[in-house]
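Okay, so here's the structure we're looking at.
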Amino acid sequence: MATDSIINTTIACFHCGDPCKEKSVQHNGHDFCCSGCRFVYELLSNEGMDGYYEKSDKPFVGLKPDQFNTDQKYAYLDEQTIVNSLIDYSDSSRTHVTLHIPSMHCTSCIWLLEQLHRLNPSILQSSVDFPKRKLMIEYDHNRTTLRQLVELLTSIGYEPRIRLDATKDNKSSRSDRSIYLKIGVAGFAFANIMLFSLPDYFAGNVGLSSHFSALFSWTSLILSLPVLLYSANDYFRSAYIGLKQKQITIDLPLSIGIAVLFSQSLYDITTGTGSGYLDSFSGLVFFLLIGRWFQQKSFQAISFERDYTSYFPIAVLKRSKGKDKSVPVDDLIPGDRIVVRNQEIVPTDAILRNGTAHLNYQFVTGESDLQVRNAGEYLYAGGRQEGSAIELEVARKVSHSYLTQLWNKPPAHTDKHERAIDFADKVARYFTIVVLFLACSAGLYWLTVSPTKATRVVTSILIVACPCALALTAPFAYGMVMRLSAKRGLFLKNSSAVEKLAKTDIILFDKTGTLTDTNSYEIEYHGEKLTAKERSAVKSLASQSTHPVSRYLASQIDEPIGQNVIDFDEVPGQGISGTVDSIKVKIGNKRWVAETDTIDESVDSIRQSQVWVSLNGHVKGAFHLQSKLRNSLARTIKDLKKKYQIALLSGDQPRDEERLQSIFGQESQLSFNKTPFEKLEYVKKLQRENKRILMIGDGLNDAGALKQADVSISISDDTAVFAPASDGILKGSDFDQLPDLLSLAGRSVKVIKIGYALSFLYNLVGLSFAATGNLTPVVSAILMPISSVSVVLFATIATKIASGSKREQL
C-alpha cells in the first residue's frame with residue numbers, strides 16, 4: 001500500500017472538493033483534506049471503483065466521513081424490535097430495508113449506492129429512488145446486520161436519516177429547505193440592490209456623483225456575491241457535471257446567462273465604465289429559483305397523487321365472531337383477524353394464527369420458492385398463499401406505498417416507454433444546442449450594431465428560451481388522467497399505461513369474472529343427494545379458492561365449514577381438490593373431475609355451466625350455474641365497438657355463446673374452451689399481425705395473456721387476488737366506465753400535442769423579442785416560470801374538460 005505524507009497546501013480535496021486548509025493528506029498522488037476522505041478513496045480504489053470520481057466533480061459537497069462518530073451512535077440498531085419496525089421484509093436469509101439518504105444528489109451518488117455489493121458482499125442488491133432520496137437494500141442478515149450497513153453508508157458519506165416515528169415521510173427534506181434559503185438570499189439581495197439602483201435610475205441625464213455611484217455599485221457587487229456563490233451554484237454544478245458526462249442540459253444556457261451578466265457587471269464596476277446589471281442579475285437568479293421551486297412542487301404533486309390514488313381496490317375477508325365479511329384492506333387495524341385464501345396476497349405484516357402458510361414471495365424477492373410458515377410465526381406483506389386458506393392477525397396497518405412498489409416491481413413491458421416523454425427529452429436536448437447557437441449569433445450581430453446591447457440580448461435569449469414547459473406537458477397530462485381514472489375506478493400502474501391505452505386497436509375479454517357479475521348466479525344441484533357432511537366438505541373446499549364460481553358456490557351452501565382442508569390443490573382452468581374430514585373432494589370441469597368414473601348423462605345434458613363434484617373418487621353430480629352478465633355489458637360493448645375490434649377468450653364451455661354473440665355481434669370472434677396457454681398464444685398471434693392489444697381479465701386463468709398483451713386491465717370484485725402482470729385494475733362495479741376511460745386516454749394524447757404546440761409558440765415569440773433587443777433578462781426570467789405555469793394550467797384544465805362524458809361529468 002502506498003504511504004501517506006502530510007504537506008502544506010491550499011488545493012481542493014480530491015474526494016469532497018473542500019479546501020485542504022493548512023495541511024492535506026497525500027495518497028497515491030492525490031490530496032485529501034482529512035484521513036476520512038482518504039479512507040473512502042482507498043476503500044473505493046481497492047474495490048476497483050475509481051470510476052466514481054469520473055462521474056462527479058464534487059461527490060459529497062463537503063460532507064466528510066470523519067464528521068460522524070459511529071462507535072455507539074447506531075447501537076440502538078442492535079435491538080431486534082427496532083430493526084423489525086424499520087425493515088420491509090425478512091426470511092431465513094435475506095432482509096429488505098428502505099433508507100432515506102438526504103446527501104444523495106447526483107449521478108455519481110446513484111452509481112456508488114447501487115454498487116454497495118462490491119463494498120460488502122453481504123449486500124445482495126441495492127437500488128435508488130432518486131427523486132425521493134430513498135435507497136432500497138437487500139442483504140443477507142446471516143452475514144451482516146442493519147447496524148453494520150448503516151455504519152458503512154455513514155463511513156462513505158451517506159448517513160441515513162432514521163426516524164422511528166410514523167410521521168417521518170411528512171417531514172420536509174433538506175432539499176426543500178435549501179431552495180427556500182436560496183430563494184430568500186436571492187430575494188434579499190435583489191430587493192436591496194434595486195434600492196441602491198433607484199438613485200441611478202431617477203438621476204436621469206444629470207447622473208449621480210461619482211462618489212455615490214461608486215459606493216452604490218460596490219455595495220451592490222458585495223450583495224450579489226452570495227447570489228452568485230450560493231443561490232446560483234446549483235446551475236453551475238449541474239452544467240459542469242453535464243459537460244463532464246458529455247451531456248448538454250438546460251442548466252448550461254442558464255448558467256452561461258448568469259455568468260455573462262455577472263461578468264459584464266463586474267467589468268463595468270471595476271473599470272468605472274458603468275454601474276453594471278446587478279439588479280438584473282440578482283432578479284434573474286431570484287425568478288429562476290422561483291421557477292425551479294414551482295417545477296419541483298409540480299412534480300411532487302404528481303408523485304403525491306400517484307402514491308395516494310394508486311392503491312389496490314382489493315378487499316380481504318375479515319373474520320369476526322366466527323363470520324367472514326369482505327372489507328377494504330385500508331380498513332384493517334392491528335389485531336384484526338383476516339382470512340387469506342389460495343392465490344391471495346398477504347396485504348400487510350401479520351401473525352399466522354391458524355393453518356399452514358405456503359407463501360410465494362416472488363414479487364418481493366424475485367424467487368418463487370415456497371416458504372412454509374406455521375402458527376405463531378410472523379408473515380411479511382407481499383407473499384401469495386398457495387394452498388389452503390389461512391387465518392392471520394394483522395400486525396401493521398396496510399402500506400399502500402409498499403403495495404405500489406410490489407406492483408411496479410415485475411419487469412412487464414420494461415422495453416416500452418412513453419414516446420411522448422421520450423420525445424420531450426430529445427427535443428430538450430437539441431433545443432439547448434439551438435439556443436446556444438442563436439445566442440452566439442445574436443451576440444455577434446449586436447456587437448457590430450450596438451455593443452451595449454449585446455450582453456442583454458445574449459442573456460435574454462439564454463434565459464427566455466426554455467424547454468421546461470415542454471418537459472412538463474406529458475407528465476402533467478398523464479398524471480391528471482391517472483387521477484381522474486382512479487376516481488372512476490381504474491387504477492393505473494404508471495403513465496406508460498395511459499399512452500398504451502390510447503394506442504389500442506383490439507380488445508380481448510375473458511368471460512367469467514370479467515363479463516359476468518361474480519355476485520349473482522342462478523345455481524341448482526343435479527345428481528346424487530349429498531349429506532350434510534358432504535355439503536359441508538364441498539363448501540369447505542370451495543371457500544379456499546378465489547375463483548368467482550367457487551366463492552359463489554361456497555356462499556350458497558347452507559352448511560358450516562368443516563375442518564381444515566389438507567392437500568389443497570388448484571389447477572388453473574380445471575378445478576380444485578383437497579381432503580376435508582377424511583373425504584377426498586374434487587370440484588371442477590367434467591373431464592378433470594370424472595377421470596375414470598362414469599357420468600350420469602341426464603345430468604350432463606342440461607345446457608348450463610356445470611361445476612362437477614367428486615367425493616372419494618366417485619362423481620356425485622354437478623352444480624348447474626346460469627351466470628348473469630353485468631347489467632351494463634350490452635351498452636359497454638356497443639360503445640366500444642364504435643372504435644375498437646372486440647373479441648372473447650374464455651376457458652368456459654360455449655353454453656353462453658348464443659347470448660354473448662348477440663351482444664358482441666356476428667363480426668366479433670368468440671373463442672371458448674381456451675386454456676391459459678392457448679390464450680397466451682392467441683395474443684402472440686395477434687401481435688405478429690401488428691395488432692395493439694388490450695387484454696381485460698380477472699387475473700386468475702389469464703395471467704400469461706395479461707402480461708403478454710400490449711396493455712392489460714384486471715377486473716376486481718371485492719377480492720384480494722393481486723394481478724401484478726396487469727397495467728391497471730378496474731373495479732367491477734365501474735365496468736361501464738371503460739369506454740369513457742379509454743376515450744380519456746386518447747384525448748390526453750391530443751392535449752399533449754396541443755401543449756407541445758403552445759410551448760414551441762412561446763419559445764418562438766420569446767426568442768424573437770429577445771433577439772431583437774426588446775426583452776430584458778429580468779423580464780425573461782419572469783416569463784420562463786410563467787410559461788411553465790401556463791402549460792400546467794392548460795394540461796390540468798384541458799384534461800379535466802376532456803374527461804367529461806355523456807354519462808357523467810366528473
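Each chain in the C-alpha cells gets a letter, A, B and so on, in the order shown; residues start at 1 in every chain, and ligands are counted from 1 in the order they appear.
Residues in contact with Gly489 (chain A) at 6 Å, where only C-alpha atoms are counted and same-chain residues fewer than 2 positions away are skipped, are listed as Ala486, Lys487, Leu730, Lys731 and Asp734 of chain A.
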Could you save those same residues with N, CA and C atoms as a PDB file, in the first residue's frame?
```
ATOM      1  N   ALA A 486     -58.638   7.087 -11.604  1.00  0.00           N
ATOM      2  CA  ALA A 486     -58.795   6.480 -10.282  1.00  0.00           C
ATOM      3  C   ALA A 486     -60.136   6.849  -9.672  1.00  0.00           C
ATOM      4  N   LYS A 487     -60.606   8.075  -9.941  1.00  0.00           N
ATOM      5  CA  LYS A 487     -61.914   8.475  -9.422  1.00  0.00           C
ATOM      6  C   LYS A 487     -63.032   7.633 -10.018  1.00  0.00           C
ATOM      7  N   LEU A 730     -59.379  -2.479 -12.572  1.00  0.00           N
ATOM      8  CA  LEU A 730     -60.670  -1.814 -12.702  1.00  0.00           C
ATOM      9  C   LEU A 730     -61.673  -2.447 -11.747  1.00  0.00           C
ATOM     10  N   LYS A 731     -62.313  -1.628 -10.973  1.00  0.00           N
ATOM     11  CA  LYS A 731     -63.367  -2.125 -10.091  1.00  0.00           C
ATOM     12  C   LYS A 731     -64.500  -2.699 -10.932  1.00  0.00           C
ATOM     13  N   ASP A 734     -67.456  -0.578 -11.678  1.00  0.00           N
ATOM     14  CA  ASP A 734     -67.250   0.537 -12.612  1.00  0.00           C
ATOM     15  C   ASP A 734     -66.940   0.047 -14.019  1.00  0.00           C
TER      16      ASP A 734
END
```
Within 10 Å of Leu152 (chain A) using only C-alpha atoms, minus same-chain residues under 5 positions, as a PyMOL selection string
chain A and resi 70+116+119-120+146-147+157-159
Could the residues in this selection be saved with all heavy atoms as a compact mmCIF listing (two decimals), in the first residue's frame?
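For reference, selection.txt as written:
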```
# COMPACT_ATOMS: atom_id res chain seq x y z
N THR A 70 -19.41 6.93 14.70
CA THR A 70 -20.42 5.86 14.68
C THR A 70 -20.18 4.78 15.73
O THR A 70 -20.84 3.76 15.71
CB THR A 70 -20.42 5.19 13.30
OG1 THR A 70 -19.14 4.60 13.05
CG2 THR A 70 -20.72 6.21 12.20
N LEU A 116 -23.03 -1.03 -3.87
CA LEU A 116 -22.66 -1.35 -2.49
C LEU A 116 -22.25 -2.80 -2.31
O LEU A 116 -21.48 -3.13 -1.40
CB LEU A 116 -23.83 -1.03 -1.55
CG LEU A 116 -24.16 0.45 -1.35
CD1 LEU A 116 -25.39 0.59 -0.46
CD2 LEU A 116 -22.98 1.21 -0.77
N LEU A 119 -18.65 -3.27 -2.04
CA LEU A 119 -18.02 -2.87 -0.79
C LEU A 119 -18.30 -3.87 0.32
O LEU A 119 -17.49 -4.04 1.24
CB LEU A 119 -18.52 -1.49 -0.36
CG LEU A 119 -18.24 -0.33 -1.33
CD1 LEU A 119 -18.83 0.96 -0.78
CD2 LEU A 119 -16.75 -0.18 -1.55
N ASN A 120 -19.46 -4.52 0.26
CA ASN A 120 -19.83 -5.51 1.27
C ASN A 120 -20.57 -6.65 0.57
O ASN A 120 -21.72 -6.48 0.16
CB ASN A 120 -20.72 -4.87 2.35
CG ASN A 120 -21.04 -5.83 3.47
OD1 ASN A 120 -20.88 -7.04 3.36
ND2 ASN A 120 -21.52 -5.29 4.59
N LEU A 146 -28.15 -4.75 10.15
CA LEU A 146 -28.60 -3.43 9.70
C LEU A 146 -27.69 -2.35 10.26
O LEU A 146 -27.38 -1.36 9.57
CB LEU A 146 -30.04 -3.20 10.16
CG LEU A 146 -30.65 -1.85 9.78
CD1 LEU A 146 -30.67 -1.66 8.28
CD2 LEU A 146 -32.06 -1.72 10.36
N ARG A 147 -27.22 -2.52 11.48
CA ARG A 147 -26.31 -1.53 12.06
C ARG A 147 -25.03 -1.42 11.23
O ARG A 147 -24.56 -0.31 10.95
CB ARG A 147 -25.98 -1.91 13.50
CG ARG A 147 -24.95 -0.98 14.14
CD ARG A 147 -24.57 -1.41 15.54
NE ARG A 147 -23.53 -0.56 16.10
CZ ARG A 147 -23.01 -0.69 17.32
NH1 ARG A 147 -23.47 -1.65 18.12
NH2 ARG A 147 -22.07 0.13 17.74
N GLY A 157 -19.95 8.64 3.61
CA GLY A 157 -20.54 9.96 3.43
C GLY A 157 -22.02 9.99 3.18
O GLY A 157 -22.57 11.05 2.91
N TYR A 158 -22.71 8.86 3.29
CA TYR A 158 -24.15 8.81 3.04
C TYR A 158 -24.89 8.38 4.30
O TYR A 158 -25.45 7.29 4.37
CB TYR A 158 -24.47 7.85 1.89
CG TYR A 158 -23.94 8.30 0.56
CD1 TYR A 158 -22.75 7.80 0.05
CD2 TYR A 158 -24.62 9.27 -0.17
CE1 TYR A 158 -22.26 8.23 -1.18
CE2 TYR A 158 -24.15 9.70 -1.39
CZ TYR A 158 -22.96 9.18 -1.89
OH TYR A 158 -22.49 9.62 -3.10
N GLU A 159 -24.89 9.24 5.29
CA GLU A 159 -25.55 8.89 6.54
C GLU A 159 -27.06 8.83 6.34
O GLU A 159 -27.67 9.82 5.91
CB GLU A 159 -25.22 9.92 7.62
CG GLU A 159 -25.84 9.56 8.97
CD GLU A 159 -25.59 10.62 10.03
OE1 GLU A 159 -25.39 11.79 9.65
OE2 GLU A 159 -25.61 10.28 11.21
```
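Coordinates place CA of Ala389 (chain A) at a distance of 17.2 Å from CA of Val329 (chain A).
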Nearest to Val749 (chain A), restricted to only C-alpha atoms and choosing among A:Val498, A:Leu317, A:Leu793, A:Ala647, comes out as A:Val498
Nearest to Arg488 (chain A) among A:Val789, A:Ile752, A:Leu744, A:Ile110, with distances taken over only C-alpha atoms: which residue is it?
A:Leu744
Which residue out of A:Ile507, A:Gln737, A:Ser632, A:Asn84 has the minimum interatomic distance to Leu706 (chain A) when only C-alpha atoms are used?
A:Ile507
From the list A:Ser582, A:Thr356, A:Thr273, A:Asn494, the nearest residue to Ser210 (chain A) using only C-alpha atoms is A:Thr273
Going by DSSP on the backbone, which bits of region 87-297 of chain A are strand (DSSP E or B)? Write them as a ChimeraX atom specification, please.
/A:87-90,94-100,123-129,134-140,161
CA of Arg630 (chain A) to CA of Gly732 (chain A), straight-line distance in Å:
9.0 Å
Using only C-alpha atoms, which residues sit within 12 Å of region 529-542 of chain A once same-chain residues fewer than 3 positions away are excluded, as a PDB file with N, CA and C atoms, in the first residue's frame?
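Okay, out.pdb is ready:
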```
ATOM      1  N   ARG A 341     -56.939 -16.697   1.263  1.00  0.00           N
ATOM      2  CA  ARG A 341     -57.200 -17.945   0.545  1.00  0.00           C
ATOM      3  C   ARG A 341     -56.131 -18.200  -0.512  1.00  0.00           C
ATOM      4  N   ASN A 342     -56.289 -19.318  -1.173  1.00  0.00           N
ATOM      5  CA  ASN A 342     -55.341 -19.697  -2.218  1.00  0.00           C
ATOM      6  C   ASN A 342     -55.213 -18.603  -3.275  1.00  0.00           C
ATOM      7  N   GLY A 387     -52.191 -22.671  -1.354  1.00  0.00           N
ATOM      8  CA  GLY A 387     -52.675 -23.801  -0.565  1.00  0.00           C
ATOM      9  C   GLY A 387     -53.949 -23.418   0.152  1.00  0.00           C
ATOM     10  N   SER A 388     -54.251 -24.146   1.222  1.00  0.00           N
ATOM     11  CA  SER A 388     -55.479 -23.921   1.976  1.00  0.00           C
ATOM     12  C   SER A 388     -55.510 -22.525   2.573  1.00  0.00           C
ATOM     13  N   ALA A 389     -56.727 -22.066   2.880  1.00  0.00           N
ATOM     14  CA  ALA A 389     -56.887 -20.746   3.487  1.00  0.00           C
ATOM     15  C   ALA A 389     -56.217 -20.712   4.859  1.00  0.00           C
ATOM     16  N   TYR A 525     -78.413 -27.800  -7.988  1.00  0.00           N
ATOM     17  CA  TYR A 525     -77.644 -29.054  -7.954  1.00  0.00           C
ATOM     18  C   TYR A 525     -78.441 -30.184  -8.595  1.00  0.00           C
ATOM     19  N   HIS A 526     -77.755 -30.999  -9.442  1.00  0.00           N
ATOM     20  CA  HIS A 526     -78.355 -32.177 -10.082  1.00  0.00           C
ATOM     21  C   HIS A 526     -77.428 -33.369  -9.841  1.00  0.00           C
ATOM     22  N   SER A 545     -60.805 -21.245  -2.532  1.00  0.00           N
ATOM     23  CA  SER A 545     -60.427 -20.686  -3.833  1.00  0.00           C
ATOM     24  C   SER A 545     -60.953 -19.263  -3.994  1.00  0.00           C
ATOM     25  N   THR A 546     -60.248 -18.488  -4.793  1.00  0.00           N
ATOM     26  CA  THR A 546     -60.684 -17.124  -5.090  1.00  0.00           C
ATOM     27  C   THR A 546     -61.415 -17.041  -6.422  1.00  0.00           C
ATOM     28  N   HIS A 547     -61.581 -18.167  -7.114  1.00  0.00           N
ATOM     29  CA  HIS A 547     -62.308 -18.135  -8.380  1.00  0.00           C
ATOM     30  C   HIS A 547     -63.749 -17.692  -8.105  1.00  0.00           C
ATOM     31  N   PRO A 548     -64.312 -16.827  -8.952  1.00  0.00           N
ATOM     32  CA  PRO A 548     -65.663 -16.310  -8.692  1.00  0.00           C
ATOM     33  C   PRO A 548     -66.711 -17.398  -8.506  1.00  0.00           C
ATOM     34  N   VAL A 549     -66.642 -18.452  -9.320  1.00  0.00           N
ATOM     35  CA  VAL A 549     -67.637 -19.527  -9.217  1.00  0.00           C
ATOM     36  C   VAL A 549     -67.481 -20.257  -7.878  1.00  0.00           C
ATOM     37  N   SER A 550     -66.241 -20.529  -7.492  1.00  0.00           N
ATOM     38  CA  SER A 550     -66.011 -21.218  -6.220  1.00  0.00           C
ATOM     39  C   SER A 550     -66.508 -20.380  -5.053  1.00  0.00           C
ATOM     40  N   ARG A 551     -66.224 -19.089  -5.084  1.00  0.00           N
ATOM     41  CA  ARG A 551     -66.658 -18.218  -3.995  1.00  0.00           C
ATOM     42  C   ARG A 551     -68.172 -18.171  -3.896  1.00  0.00           C
ATOM     43  N   TYR A 552     -68.843 -18.096  -5.044  1.00  0.00           N
ATOM     44  CA  TYR A 552     -70.305 -18.016  -5.025  1.00  0.00           C
ATOM     45  C   TYR A 552     -70.912 -19.353  -4.582  1.00  0.00           C
ATOM     46  N   LEU A 553     -70.315 -20.446  -5.042  1.00  0.00           N
ATOM     47  CA  LEU A 553     -70.801 -21.765  -4.649  1.00  0.00           C
ATOM     48  C   LEU A 553     -70.722 -21.940  -3.143  1.00  0.00           C
ATOM     49  N   ALA A 554     -69.587 -21.524  -2.559  1.00  0.00           N
ATOM     50  CA  ALA A 554     -69.427 -21.650  -1.107  1.00  0.00           C
ATOM     51  C   ALA A 554     -70.455 -20.810  -0.364  1.00  0.00           C
ATOM     52  N   SER A 555     -70.785 -19.651  -0.907  1.00  0.00           N
ATOM     53  CA  SER A 555     -71.737 -18.769  -0.224  1.00  0.00           C
ATOM     54  C   SER A 555     -73.165 -19.300  -0.282  1.00  0.00           C
ATOM     55  N   GLN A 556     -73.456 -20.193  -1.248  1.00  0.00           N
ATOM     56  CA  GLN A 556     -74.822 -20.679  -1.426  1.00  0.00           C
ATOM     57  C   GLN A 556     -75.100 -22.009  -0.725  1.00  0.00           C
ATOM     58  N   ILE A 557     -74.093 -22.651  -0.191  1.00  0.00           N
ATOM     59  CA  ILE A 557     -74.287 -23.912   0.541  1.00  0.00           C
ATOM     60  C   ILE A 557     -74.513 -23.582   2.013  1.00  0.00           C
ATOM     61  N   ASP A 558     -75.676 -23.890   2.489  1.00  0.00           N
ATOM     62  CA  ASP A 558     -76.082 -23.522   3.845  1.00  0.00           C
ATOM     63  C   ASP A 558     -75.642 -24.580   4.846  1.00  0.00           C
ATOM     64  N   GLU A 559     -74.362 -24.737   4.989  1.00  0.00           N
ATOM     65  CA  GLU A 559     -73.784 -25.663   5.953  1.00  0.00           C
ATOM     66  C   GLU A 559     -72.551 -25.008   6.571  1.00  0.00           C
ATOM     67  N   PRO A 560     -72.201 -25.369   7.798  1.00  0.00           N
ATOM     68  CA  PRO A 560     -70.981 -24.808   8.399  1.00  0.00           C
ATOM     69  C   PRO A 560     -69.730 -25.362   7.717  1.00  0.00           C
ATOM     70  N   ILE A 561     -68.670 -24.579   7.746  1.00  0.00           N
ATOM     71  CA  ILE A 561     -67.397 -25.022   7.186  1.00  0.00           C
ATOM     72  C   ILE A 561     -66.817 -26.103   8.085  1.00  0.00           C
ATOM     73  N   GLY A 562     -66.328 -27.174   7.465  1.00  0.00           N
ATOM     74  CA  GLY A 562     -65.787 -28.303   8.225  1.00  0.00           C
ATOM     75  C   GLY A 562     -64.386 -28.017   8.742  1.00  0.00           C
ATOM     76  N   GLN A 563     -63.648 -29.074   8.992  1.00  0.00           N
ATOM     77  CA  GLN A 563     -62.295 -28.941   9.499  1.00  0.00           C
ATOM     78  C   GLN A 563     -61.383 -28.376   8.407  1.00  0.00           C
ATOM     79  N   ASN A 564     -60.127 -28.110   8.794  1.00  0.00           N
ATOM     80  CA  ASN A 564     -59.181 -27.540   7.845  1.00  0.00           C
ATOM     81  C   ASN A 564     -58.990 -28.459   6.638  1.00  0.00           C
ATOM     82  N   VAL A 565     -58.837 -27.848   5.498  1.00  0.00           N
ATOM     83  CA  VAL A 565     -58.595 -28.592   4.260  1.00  0.00           C
ATOM     84  C   VAL A 565     -57.105 -28.923   4.179  1.00  0.00           C
ATOM     85  N   ILE A 566     -56.804 -30.160   3.888  1.00  0.00           N
ATOM     86  CA  ILE A 566     -55.404 -30.565   3.715  1.00  0.00           C
ATOM     87  C   ILE A 566     -55.203 -31.016   2.270  1.00  0.00           C
ATOM     88  N   ASP A 567     -53.959 -30.999   1.841  1.00  0.00           N
ATOM     89  CA  ASP A 567     -53.578 -31.398   0.475  1.00  0.00           C
ATOM     90  C   ASP A 567     -54.352 -30.584  -0.575  1.00  0.00           C
ATOM     91  N   PHE A 568     -54.562 -29.307  -0.271  1.00  0.00           N
ATOM     92  CA  PHE A 568     -55.302 -28.472  -1.216  1.00  0.00           C
ATOM     93  C   PHE A 568     -54.484 -28.243  -2.488  1.00  0.00           C
ATOM     94  N   ASP A 569     -55.189 -28.293  -3.631  1.00  0.00           N
ATOM     95  CA  ASP A 569     -54.525 -28.050  -4.912  1.00  0.00           C
ATOM     96  C   ASP A 569     -55.513 -27.369  -5.853  1.00  0.00           C
ATOM     97  N   GLU A 570     -55.032 -26.398  -6.605  1.00  0.00           N
ATOM     98  CA  GLU A 570     -55.871 -25.712  -7.585  1.00  0.00           C
ATOM     99  C   GLU A 570     -55.156 -25.725  -8.929  1.00  0.00           C
ATOM    100  N   GLY A 575     -59.857 -27.092 -11.946  1.00  0.00           N
ATOM    101  CA  GLY A 575     -60.644 -27.177 -10.731  1.00  0.00           C
ATOM    102  C   GLY A 575     -59.775 -27.206  -9.496  1.00  0.00           C
ATOM    103  N   ILE A 576     -60.380 -27.604  -8.362  1.00  0.00           N
ATOM    104  CA  ILE A 576     -59.679 -27.645  -7.082  1.00  0.00           C
ATOM    105  C   ILE A 576     -59.929 -28.993  -6.427  1.00  0.00           C
ATOM    106  N   SER A 577     -58.994 -29.360  -5.539  1.00  0.00           N
ATOM    107  CA  SER A 577     -59.126 -30.635  -4.835  1.00  0.00           C
ATOM    108  C   SER A 577     -58.509 -30.511  -3.457  1.00  0.00           C
ATOM    109  N   GLY A 578     -58.917 -31.414  -2.568  1.00  0.00           N
ATOM    110  CA  GLY A 578     -58.379 -31.425  -1.219  1.00  0.00           C
ATOM    111  C   GLY A 578     -59.106 -32.451  -0.376  1.00  0.00           C
ATOM    112  N   THR A 579     -58.651 -32.614   0.846  1.00  0.00           N
ATOM    113  CA  THR A 579     -59.259 -33.579   1.763  1.00  0.00           C
ATOM    114  C   THR A 579     -59.866 -32.837   2.945  1.00  0.00           C
ATOM    115  N   VAL A 580     -61.151 -33.098   3.210  1.00  0.00           N
ATOM    116  CA  VAL A 580     -61.871 -32.457   4.312  1.00  0.00           C
ATOM    117  C   VAL A 580     -62.561 -33.545   5.126  1.00  0.00           C
ATOM    118  N   ASP A 581     -62.234 -33.628   6.400  1.00  0.00           N
ATOM    119  CA  ASP A 581     -62.849 -34.643   7.273  1.00  0.00           C
ATOM    120  C   ASP A 581     -62.755 -36.034   6.651  1.00  0.00           C
ATOM    121  N   SER A 582     -61.561 -36.374   6.138  1.00  0.00           N
ATOM    122  CA  SER A 582     -61.254 -37.682   5.537  1.00  0.00           C
ATOM    123  C   SER A 582     -61.969 -37.915   4.214  1.00  0.00           C
ATOM    124  N   ILE A 583     -62.636 -36.922   3.674  1.00  0.00           N
ATOM    125  CA  ILE A 583     -63.309 -37.042   2.376  1.00  0.00           C
ATOM    126  C   ILE A 583     -62.447 -36.349   1.322  1.00  0.00           C
ATOM    127  N   LYS A 584     -62.058 -37.098   0.290  1.00  0.00           N
ATOM    128  CA  LYS A 584     -61.295 -36.518  -0.809  1.00  0.00           C
ATOM    129  C   LYS A 584     -62.274 -35.852  -1.777  1.00  0.00           C
ATOM    130  N   VAL A 585     -62.175 -34.545  -1.884  1.00  0.00           N
ATOM    131  CA  VAL A 585     -63.136 -33.760  -2.667  1.00  0.00           C
ATOM    132  C   VAL A 585     -62.442 -33.167  -3.891  1.00  0.00           C
ATOM    133  N   LYS A 586     -63.156 -33.283  -5.047  1.00  0.00           N
ATOM    134  CA  LYS A 586     -62.703 -32.620  -6.272  1.00  0.00           C
ATOM    135  C   LYS A 586     -63.865 -31.820  -6.840  1.00  0.00           C
ATOM    136  N   ILE A 587     -63.598 -30.577  -7.206  1.00  0.00           N
ATOM    137  CA  ILE A 587     -64.615 -29.707  -7.791  1.00  0.00           C
ATOM    138  C   ILE A 587     -64.012 -29.071  -9.041  1.00  0.00           C
ATOM    139  N   GLY A 588     -64.725 -29.170 -10.182  1.00  0.00           N
ATOM    140  CA  GLY A 588     -64.188 -28.557 -11.387  1.00  0.00           C
ATOM    141  C   GLY A 588     -64.942 -28.980 -12.625  1.00  0.00           C
ATOM    142  N   VAL A 611     -70.419 -27.252 -12.578  1.00  0.00           N
ATOM    143  CA  VAL A 611     -69.312 -27.482 -11.660  1.00  0.00           C
ATOM    144  C   VAL A 611     -69.512 -28.872 -11.081  1.00  0.00           C
ATOM    145  N   TRP A 612     -68.678 -29.817 -11.516  1.00  0.00           N
ATOM    146  CA  TRP A 612     -68.840 -31.218 -11.118  1.00  0.00           C
ATOM    147  C   TRP A 612     -68.197 -31.468  -9.766  1.00  0.00           C
ATOM    148  N   VAL A 613     -68.768 -32.441  -9.055  1.00  0.00           N
ATOM    149  CA  VAL A 613     -68.309 -32.767  -7.708  1.00  0.00           C
ATOM    150  C   VAL A 613     -68.000 -34.259  -7.633  1.00  0.00           C
ATOM    151  N   SER A 614     -66.800 -34.562  -7.143  1.00  0.00           N
ATOM    152  CA  SER A 614     -66.396 -35.956  -6.925  1.00  0.00           C
ATOM    153  C   SER A 614     -65.991 -36.116  -5.463  1.00  0.00           C
ATOM    154  N   LEU A 615     -66.522 -37.159  -4.808  1.00  0.00           N
ATOM    155  CA  LEU A 615     -66.183 -37.448  -3.412  1.00  0.00           C
ATOM    156  C   LEU A 615     -65.572 -38.836  -3.334  1.00  0.00           C
ATOM    157  N   ASN A 616     -64.335 -38.898  -2.840  1.00  0.00           N
ATOM    158  CA  ASN A 616     -63.607 -40.170  -2.726  1.00  0.00           C
ATOM    159  C   ASN A 616     -63.571 -40.912  -4.055  1.00  0.00           C
ATOM    160  N   VAL A 619     -68.069 -39.633  -8.803  1.00  0.00           N
ATOM    161  CA  VAL A 619     -68.756 -38.417  -9.240  1.00  0.00           C
ATOM    162  C   VAL A 619     -70.181 -38.435  -8.696  1.00  0.00           C
ATOM    163  N   LYS A 620     -70.502 -37.463  -7.877  1.00  0.00           N
ATOM    164  CA  LYS A 620     -71.814 -37.400  -7.246  1.00  0.00           C
ATOM    165  C   LYS A 620     -72.825 -36.625  -8.089  1.00  0.00           C
ATOM    166  N   GLY A 621     -72.371 -35.619  -8.821  1.00  0.00           N
ATOM    167  CA  GLY A 621     -73.289 -34.801  -9.603  1.00  0.00           C
ATOM    168  C   GLY A 621     -72.629 -33.484  -9.975  1.00  0.00           C
ATOM    169  N   ALA A 622     -73.453 -32.500 -10.295  1.00  0.00           N
ATOM    170  CA  ALA A 622     -72.921 -31.216 -10.732  1.00  0.00           C
ATOM    171  C   ALA A 622     -73.828 -30.085 -10.292  1.00  0.00           C
ATOM    172  N   PHE A 623     -73.226 -28.974  -9.969  1.00  0.00           N
ATOM    173  CA  PHE A 623     -73.960 -27.739  -9.729  1.00  0.00           C
ATOM    174  C   PHE A 623     -74.090 -27.020 -11.069  1.00  0.00           C
TER     175      PHE A 623
END
```
List the spatial neighbours of Phe216 (chain A) as an MDAnalysis selection string - criterion: any atom at most 9 Å away, only C-alpha atoms, same-chain residues fewer than 5 positions off excluded.
chainID A and resid 193 196:197 211 221 275
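Residue neighbourhood of Val185 (chain A), excluding near-sequence residues (fewer than 5 positions): A:Ser178, A:Ile179, A:Tyr180, A:Phe190, A:Ala191, A:Asn192, A:Leu223, A:Ser224, A:Leu225, A:Pro226, A:Val227, A:Leu228, A:Leu229, A:Tyr230, A:Ser231, A:Ala232, A:Ser282, A:Gly283, A:Val285, A:Phe286, A:Leu289, at 12 Å, using only C-alpha atoms.
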